[in-house]
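Before any comments, here is the structure.
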Amino acid sequence: MASTRVEVTRAGVSFGSALAIAISWSTHQSILWAVVHGIFSWFYVVYFAVTR
């Protein structure tokens, strides 16, 4: 049960980072911003969704 929860959490973090990087790249076309937003992952995705 615990290992399943860890795998789901990792998948969510990975997906959040990829989504943040894709949104950042389409908005700014900057590798630096894409890396920064990838680090913040879901926080940036939620911020983007709320402000757009």
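Residue numbering restarts at 1 in every chain; chains get A, B, ... in the order shown in the structure tokens, and ligands count up from 1 in that same order.
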So that I can check the surroundings of stretch 28-37 of chain A, please list as an mmCIF file with N, CA and C atoms, in the first residue's frame every protein, DNA and RNA residue that reaches within 12 Å of it, counting only C-alpha atoms and ignoring chain neighbours fewer than 3 positions away.
data_model
loop_
_atom_site.group_PDB
_atom_site.id
_atom_site.type_symbol
_atom_site.label_atom_id
_atom_site.label_comp_id
_atom_site.auth_asym_id
_atom_site.auth_seq_id
_atom_site.Cartn_x
_atom_site.Cartn_y
_atom_site.Cartn_z
ATOM 1 N N GLY A 16 3.365 17.034 -13.095
ATOM 2 C CA GLY A 16 3.269 18.461 -12.763
ATOM 3 C C GLY A 16 4.453 19.236 -13.293
ATOM 4 N N SER A 17 5.642 18.676 -13.168
ATOM 5 C CA SER A 17 6.844 19.338 -13.686
ATOM 6 C C SER A 17 6.794 19.445 -15.204
ATOM 7 N N ALA A 18 6.407 18.367 -15.869
ATOM 8 C CA ALA A 18 6.326 18.387 -17.330
ATOM 9 C C ALA A 18 5.278 19.383 -17.810
ATOM 10 N N LEU A 19 4.153 19.436 -17.137
ATOM 11 C CA LEU A 19 3.096 20.371 -17.499
ATOM 12 C C LEU A 19 3.550 21.813 -17.284
ATOM 13 N N ALA A 20 4.207 22.079 -16.158
ATOM 14 C CA ALA A 20 4.711 23.424 -15.881
ATOM 15 C C ALA A 20 5.745 23.853 -16.914
ATOM 16 N N ILE A 21 6.632 22.942 -17.290
ATOM 17 C CA ILE A 21 7.659 23.260 -18.290
ATOM 18 C C ILE A 21 7.010 23.543 -19.637
ATOM 19 N N ALA A 22 6.020 22.761 -20.027
ATOM 20 C CA ALA A 22 5.344 22.967 -21.305
ATOM 21 C C ALA A 22 4.605 24.303 -21.332
ATOM 22 N N ILE A 23 3.904 24.626 -20.263
ATOM 23 C CA ILE A 23 3.198 25.907 -20.183
ATOM 24 C C ILE A 23 4.194 27.056 -20.216
ATOM 25 N N SER A 24 5.262 26.934 -19.446
ATOM 26 C CA SER A 24 6.269 27.984 -19.380
ATOM 27 C C SER A 24 6.922 28.205 -20.732
ATOM 28 N N TRP A 25 7.264 27.123 -21.416
ATOM 29 C CA TRP A 25 7.918 27.258 -22.726
ATOM 30 C C TRP A 25 6.982 27.916 -23.733
ATOM 31 N N PHE A 40 9.020 24.539 -9.508
ATOM 32 C CA PHE A 40 7.819 24.857 -8.730
ATOM 33 C C PHE A 40 6.615 24.012 -9.130
ATOM 34 N N SER A 41 6.690 23.353 -10.238
ATOM 35 C CA SER A 41 5.717 22.426 -10.827
ATOM 36 C C SER A 41 4.254 22.802 -10.585
ATOM 37 N N TRP A 42 3.563 22.106 -9.690
ATOM 38 C CA TRP A 42 2.124 22.308 -9.522
ATOM 39 C C TRP A 42 1.784 23.713 -9.046
ATOM 40 N N PHE A 43 2.672 24.363 -8.300
ATOM 41 C CA PHE A 43 2.398 25.735 -7.863
ATOM 42 C C PHE A 43 2.273 26.653 -9.075
ATOM 43 N N TYR A 44 3.160 26.494 -10.046
ATOM 44 C CA TYR A 44 3.090 27.308 -11.253
ATOM 45 C C TYR A 44 1.872 26.952 -12.097
ATOM 46 N N VAL A 45 1.535 25.683 -12.188
ATOM 47 C CA VAL A 45 0.374 25.260 -12.966
ATOM 48 C C VAL A 45 -0.894 25.880 -12.386
ATOM 49 N N VAL A 46 -1.041 25.838 -11.077
ATOM 50 C CA VAL A 46 -2.215 26.426 -10.424
ATOM 51 C C VAL A 46 -2.210 27.947 -10.609
ATOM 52 N N TYR A 47 -1.062 28.583 -10.438
ATOM 53 C CA TYR A 47 -0.958 30.031 -10.644
ATOM 54 C C TYR A 47 -1.361 30.407 -12.074
ATOM 55 N N PHE A 48 -0.862 29.664 -13.050
ATOM 56 C CA PHE A 48 -1.195 29.923 -14.444
ATOM 57 C C PHE A 48 -2.684 29.780 -14.690
#
